[in-house]
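Presented below is the structure to which this report refers.
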There are 4 protein chains.
Amino acid sequence: MAKKKFVAVIGGSQCSKKEAQLAEKVGGELARRGAILVCGGLGGIMKAACKGASAEGGTTIGIIPGNDRQAANPYVQIPIVTGLGEARNVIVVKSVQAVIAIGGSYGTLSEISHALKNGIPVIGLNTWSLARNNLKDKSIILAQSPAEAVDKAIDLVTSSRSEE
Amino acid sequence: MAKKKFVAVIGGSQCSKKEAQLAEKVGGELARRGAILVCGGLGGIMKAACKGASAEGGTTIGIIPGNDRQAANPYVQIPIVTGLGEARNVIVVKSVQAVIAIGGSYGTLSEISHALKNGIPVIGLNTWSLARNNLKDKSIILAQSPAEAVDKAIDLVTSSRSEE
Amino acid sequence: MAKKKFVAVIGGSQCSKKEAQLAEKVGGELARRGAILVCGGLGGIMKAACKGASAEGGTTIGIIPGNDRQAANPYVQIPIVTGLGEARNVIVVKSVQAVIAIGGSYGTLSEISHALKNGIPVIGLNTWSLARNNLKDKSIILAQSPAEAVDKAIDLVTSSRSEE
Amino acid sequence: MAKKKFVAVIGGSQCSKKEAQLAEKVGGELARRGAILVCGGLGGIMKAACKGASAEGGTTIGIIPGNDRQAANPYVQIPIVTGLGEARNVIVVKSVQAVIAIGGSYGTLSEISHALKNGIPVIGLNTWSLARNNLKDKSIILAQSPAEAVDKAIDLVTSSRSEE
């Protein structure tokens, strides 16, 4: 297997205009850095990220929850059709070496959780913060901009590579 | 289908002695209140809750992640064998009308997230607290004791019933 | 875990009257023999088997494909809600020690296949027959009546027990 | 979404030399016809098909059952990591518009079943044949050579397209 870089962009299927702009920039920057974009394949953050990646000639994969490939957003080049509902969230994060979370609701939080459970690093842009038993959990790596988020993701993918 | 009450108890497969005591009390109290206990079927919180429920004559269901029914803790009466890994977390929460979370790590957080995503109420005992974009999320209903947690869970199950 | 016997009854969600009668007898006989019935939770063969088991005081578990416990047939006592679509077929067979197939279409065939793949014995009543590369595959154990099917299933469960 | 053609090649993770040659030719021909190859990502038929497709510059996707992307065969360009065990078989067939089955055992039969259940056409090369209640089931479309199998698959994908 060629040493490709796989990065997920996760976030709500509905999102603010500002969040969509962040996601589009993240998608574009990932493509420029040679990473393949994996996402849940639907609208909102997922669509914006795929749009950004496609505009830069990147490859986009959408792991969709339903049974109809037509449900994938128009910028998904490779739809993976699961019919698994939210259980597909597990596949989104297991298929990548780093996750970038932008905003998001409980579905996004489930993906963050599954990623952390599996030791897959999560970079956060305006997303969830966590505390356990009143102790702040610092596992989500904070980023202040799309470029910083992608930099951190690519660095983590590259370092995880050298361990393989 | 008889109008049974199904409540999940979620938490780490490893836990402190104090957490195990909380879980055992929750399990016992759920059984006394006539609720069927659903959990992930393994050790720690899951085992303690099943032990408590069994001691009170309750029914215990363990949705296990692997392929071997022998992996279920000895207090699971009905093992459901999924082979799905963590994707089984989705089934644990979808199969109940209320969730009680005790302590827990990222697996538990994924179950909390999937529950909230599906509109299934979550009662928390010494567990995760959440904030989104720096705004506290108050969806997890706090409880200070096993009895209070079970009271709240049973109330929520009963009220969800009347809406059906 | 108590040494319970778990047997699945699989078959179409639509079936002939004759097939339903077979399934009801199988369900009833399984209950009389102390086995817990696992099925896909919906109509047709599944409903008839659950009806038969319930009439004899047996326990019935329905692993349902959708997100709504109300979709379970009225004789399912314990609905397991997966939201996984047909991927739930894997759980039906992995959760038991023997499978009885009655009639059925491609969904049933997928369950037969998953069972055989996992080394779980399948007893067939008027169901699929298989050939591979023109060689008859005799893995499905034929039965001529509900009583014979249940006899064979219970024998297989009991012998698989002694190996554990 | 570009109007891409997605075709699965399914078969055993162990296979004869002759079957591997068939699979490699199928993979190569699919690539020449512009189809993206989807498979279960492991060895045997899957590896041979991916090898054939890669040699012709095609794209190969492997939906792997475990948690480790390194388990994908070396000709998988895009590994999708599910951790779902055999439940991943459902994803393999739902993600394509036609399936080519070569030889295979019960895992392959489960994929054939899930495909037929979902109305996805299956072309068979030296694979299972089915009968239901002693009536031959002719749903599997027979092919005598890799070229014929690919021809039929591509025709079916194209005609399913015009209906969308």
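Here's how to read the names in the structure tokens: chain A, B, ... by the order shown, residue numbers from 1 in each chain, ligand numbers from 1 in the order shown.
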With 12 Å as the limit and counting only C-alpha atoms, what residues in chain D lie close to chain A? Please list them as a CSV table (one decimal) with N, CA and C atoms, in the first residue's frame.
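Here's the written file selection_30.csv:
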```csv
chain,number,residue,atom,x,y,z
D,1,MET,N,-21.3,14.4,-7.8
D,1,MET,CA,-20.5,13.2,-7.8
D,1,MET,C,-20.3,12.8,-9.3
D,2,ALA,N,-19.1,12.6,-9.7
D,2,ALA,CA,-18.9,12.2,-11.0
D,2,ALA,C,-19.5,10.8,-11.2
D,3,LYS,N,-20.0,10.5,-12.4
D,3,LYS,CA,-20.7,9.2,-12.7
D,3,LYS,C,-19.7,8.1,-12.8
D,4,LYS,N,-19.1,7.8,-11.7
D,4,LYS,CA,-18.1,6.7,-11.7
D,4,LYS,C,-18.8,5.3,-11.6
D,5,LYS,N,-18.1,4.3,-12.1
D,5,LYS,CA,-18.6,3.0,-12.0
D,5,LYS,C,-17.9,2.2,-10.8
D,6,PHE,N,-18.6,1.6,-10.0
D,6,PHE,CA,-18.1,0.9,-8.8
D,6,PHE,C,-18.5,-0.6,-9.0
D,8,ALA,N,-17.7,-4.5,-7.3
D,8,ALA,CA,-17.0,-5.4,-6.3
D,8,ALA,C,-16.5,-6.7,-6.9
D,35,ALA,N,-13.7,1.2,-14.3
D,35,ALA,CA,-14.4,0.9,-13.1
D,35,ALA,C,-13.5,1.0,-11.9
D,36,ILE,N,-14.0,1.5,-10.8
D,36,ILE,CA,-13.3,1.4,-9.5
D,36,ILE,C,-13.6,0.1,-8.8
D,37,LEU,N,-12.5,-0.6,-8.4
D,37,LEU,CA,-12.7,-1.9,-7.8
D,37,LEU,C,-12.9,-1.8,-6.3
D,38,VAL,N,-13.9,-2.4,-5.8
D,38,VAL,CA,-14.2,-2.5,-4.3
D,38,VAL,C,-14.0,-3.9,-3.9
D,39,CYS,N,-13.4,-4.2,-2.8
D,39,CYS,CA,-13.3,-5.6,-2.3
D,39,CYS,C,-13.1,-5.6,-0.8
D,41,GLY,N,-10.5,-6.4,0.8
D,41,GLY,CA,-9.2,-5.8,1.2
D,41,GLY,C,-8.2,-6.8,1.6
D,47,LYS,N,-6.8,-10.0,-3.2
D,47,LYS,CA,-5.4,-9.5,-3.5
D,47,LYS,C,-5.2,-9.6,-5.0
D,50,CYS,N,-7.0,-6.9,-6.9
D,50,CYS,CA,-6.4,-5.6,-6.7
D,50,CYS,C,-5.1,-5.5,-7.5
D,51,LYS,N,-4.4,-6.6,-7.5
D,51,LYS,CA,-3.1,-6.6,-8.3
D,51,LYS,C,-3.4,-6.3,-9.8
D,54,SER,N,-4.5,-2.7,-10.3
D,54,SER,CA,-3.4,-1.7,-10.1
D,54,SER,C,-2.4,-1.7,-11.3
D,59,THR,N,-8.2,2.2,-9.8
D,59,THR,CA,-8.3,2.5,-8.3
D,59,THR,C,-8.9,1.3,-7.6
D,60,THR,N,-8.3,1.0,-6.4
D,60,THR,CA,-8.7,-0.2,-5.6
D,60,THR,C,-9.0,0.3,-4.2
D,61,ILE,N,-10.2,-0.2,-3.7
D,61,ILE,CA,-10.7,0.1,-2.4
D,61,ILE,C,-10.9,-1.2,-1.6
D,62,GLY,N,-10.3,-1.3,-0.4
D,62,GLY,CA,-10.5,-2.5,0.4
D,62,GLY,C,-11.2,-2.2,1.7
D,63,ILE,N,-12.4,-2.8,1.9
D,63,ILE,CA,-13.2,-2.5,3.1
D,63,ILE,C,-12.8,-3.6,4.1
D,64,ILE,N,-11.8,-3.3,5.0
D,64,ILE,CA,-11.3,-4.4,5.8
D,64,ILE,C,-12.0,-4.6,7.1
D,65,PRO,N,-12.1,-5.9,7.5
D,65,PRO,CA,-12.9,-6.3,8.7
D,65,PRO,C,-12.3,-5.9,10.0
D,66,GLY,N,-11.0,-5.8,10.1
D,66,GLY,CA,-10.3,-5.6,11.3
D,66,GLY,C,-10.0,-4.1,11.6
D,67,ASN,N,-9.1,-3.9,12.5
D,67,ASN,CA,-8.8,-2.5,13.0
D,67,ASN,C,-7.5,-2.0,12.4
D,68,ASP,N,-6.8,-2.8,11.7
D,68,ASP,CA,-5.4,-2.4,11.3
D,68,ASP,C,-5.3,-2.2,9.8
D,69,ARG,N,-5.0,-1.0,9.3
D,69,ARG,CA,-4.9,-0.8,7.9
D,69,ARG,C,-3.8,-1.6,7.3
D,70,GLN,N,-2.8,-2.0,8.1
D,70,GLN,CA,-1.7,-2.8,7.5
D,70,GLN,C,-2.2,-4.2,7.1
D,71,ALA,N,-3.4,-4.6,7.5
D,71,ALA,CA,-3.9,-5.9,7.1
D,71,ALA,C,-4.4,-5.9,5.7
D,72,ALA,N,-4.6,-4.7,5.1
D,72,ALA,CA,-5.0,-4.7,3.7
D,72,ALA,C,-3.9,-5.2,2.8
D,73,ASN,N,-4.3,-5.9,1.7
D,73,ASN,CA,-3.2,-6.4,0.8
D,73,ASN,C,-2.5,-5.2,0.1
D,74,PRO,N,-1.3,-5.5,-0.3
D,74,PRO,CA,-0.4,-4.3,-0.8
D,74,PRO,C,-1.0,-3.6,-2.0
D,75,TYR,N,-2.0,-4.2,-2.7
D,75,TYR,CA,-2.5,-3.5,-3.9
D,75,TYR,C,-3.8,-2.7,-3.6
D,76,VAL,N,-4.2,-2.7,-2.3
D,76,VAL,CA,-5.3,-1.8,-1.9
D,76,VAL,C,-4.7,-0.4,-1.8
D,77,GLN,N,-5.3,0.5,-2.6
D,77,GLN,CA,-4.9,1.9,-2.5
D,77,GLN,C,-5.6,2.7,-1.5
D,78,ILE,N,-6.9,2.4,-1.3
D,78,ILE,CA,-7.7,3.1,-0.3
D,78,ILE,C,-8.3,2.1,0.7
D,79,PRO,N,-7.7,1.9,1.8
D,79,PRO,CA,-8.2,1.0,2.8
D,79,PRO,C,-9.3,1.7,3.6
D,80,ILE,N,-10.5,1.1,3.8
D,80,ILE,CA,-11.5,1.6,4.7
D,80,ILE,C,-11.5,0.6,5.9
D,81,VAL,N,-11.2,1.2,7.0
D,81,VAL,CA,-11.0,0.3,8.2
D,81,VAL,C,-12.3,0.3,9.0
D,82,THR,N,-12.9,-0.9,9.1
D,82,THR,CA,-14.2,-0.9,9.8
D,82,THR,C,-14.2,-1.5,11.2
D,83,GLY,N,-13.4,-2.4,11.5
D,83,GLY,CA,-13.5,-3.1,12.8
D,83,GLY,C,-14.8,-3.8,13.0
D,84,LEU,N,-15.5,-4.1,12.0
D,84,LEU,CA,-16.9,-4.7,12.1
D,84,LEU,C,-16.9,-6.2,11.8
D,87,ALA,N,-19.5,-8.1,9.3
D,87,ALA,CA,-20.6,-7.2,9.0
D,87,ALA,C,-20.1,-6.2,7.9
D,88,ARG,N,-18.8,-6.2,7.7
D,88,ARG,CA,-18.3,-5.3,6.6
D,88,ARG,C,-18.7,-5.9,5.3
D,89,ASN,N,-19.0,-7.1,5.2
D,89,ASN,CA,-19.5,-7.7,3.9
D,89,ASN,C,-20.6,-6.9,3.3
D,90,VAL,N,-21.5,-6.4,4.2
D,90,VAL,CA,-22.7,-5.6,3.7
D,90,VAL,C,-22.2,-4.4,3.0
D,91,ILE,N,-21.1,-3.7,3.5
D,91,ILE,CA,-20.6,-2.5,3.0
D,91,ILE,C,-20.0,-2.7,1.6
D,92,VAL,N,-19.3,-3.8,1.5
D,92,VAL,CA,-18.7,-4.1,0.2
D,92,VAL,C,-19.7,-4.1,-0.9
D,93,VAL,N,-20.8,-4.8,-0.7
D,93,VAL,CA,-21.8,-4.9,-1.8
D,93,VAL,C,-22.7,-3.6,-1.9
D,94,LYS,N,-23.0,-3.0,-0.8
D,94,LYS,CA,-23.8,-1.8,-0.9
D,94,LYS,C,-23.1,-0.6,-1.6
D,95,SER,N,-21.7,-0.7,-1.6
D,95,SER,CA,-21.0,0.4,-2.2
D,95,SER,C,-20.7,0.3,-3.7
D,96,VAL,N,-21.3,-0.7,-4.3
D,96,VAL,CA,-21.1,-0.9,-5.8
D,96,VAL,C,-22.4,-1.1,-6.5
D,97,GLN,N,-22.3,-1.0,-7.9
D,97,GLN,CA,-23.4,-1.2,-8.7
D,97,GLN,C,-23.5,-2.6,-9.4
D,114,HIS,N,-26.4,-10.7,0.4
D,114,HIS,CA,-26.6,-9.3,0.7
D,114,HIS,C,-26.8,-8.5,-0.6
D,118,ASN,N,-30.3,-6.6,-1.9
D,118,ASN,CA,-30.3,-5.1,-2.1
D,118,ASN,C,-30.5,-4.8,-3.6
D,119,GLY,N,-30.8,-5.8,-4.4
D,119,GLY,CA,-31.1,-5.6,-5.8
D,119,GLY,C,-29.8,-5.2,-6.6
D,120,ILE,N,-28.7,-5.6,-6.1
D,120,ILE,CA,-27.4,-5.4,-6.8
D,120,ILE,C,-27.1,-6.6,-7.6
D,161,ARG,N,-27.4,3.1,-14.3
D,161,ARG,CA,-27.1,4.6,-14.4
D,161,ARG,C,-28.2,5.3,-15.1
D,164,GLU,N,-31.2,6.2,-13.0
D,164,GLU,CA,-31.1,7.1,-11.9
D,164,GLU,C,-31.7,8.5,-12.2
```
| task | Among the residues of chain B, find those DSSP assigns to strand (DSSP E) from the backbone and print them as a ChimeraX atom specification. | result | /B:5-11,35-39,60-64,78-81,98-102,122-125,128-132,135-137,141-142
| said: What does the structure give for the distance between CA of Gly103 (chain D) and CA of Gly103 (chain C), in Å to one decimal? | reply: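 For CA of Gly103 (chain D) relative to CA of Gly103 (chain C), the distance reads 25.1 Å.
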| said: I'd like to know which of C:Lys25, C:Lys18, C:Arg33, C:Lys138 is closest to Ile123 (chain C), using only C-alpha atoms. | reply: C:Lys138
| request: Would you please extract all alpha helix (DSSP H) residues from region 43-82 of chain A, as assigned by DSSP on the backbone, and give them as number ranges by chain? | output: A: 45-55
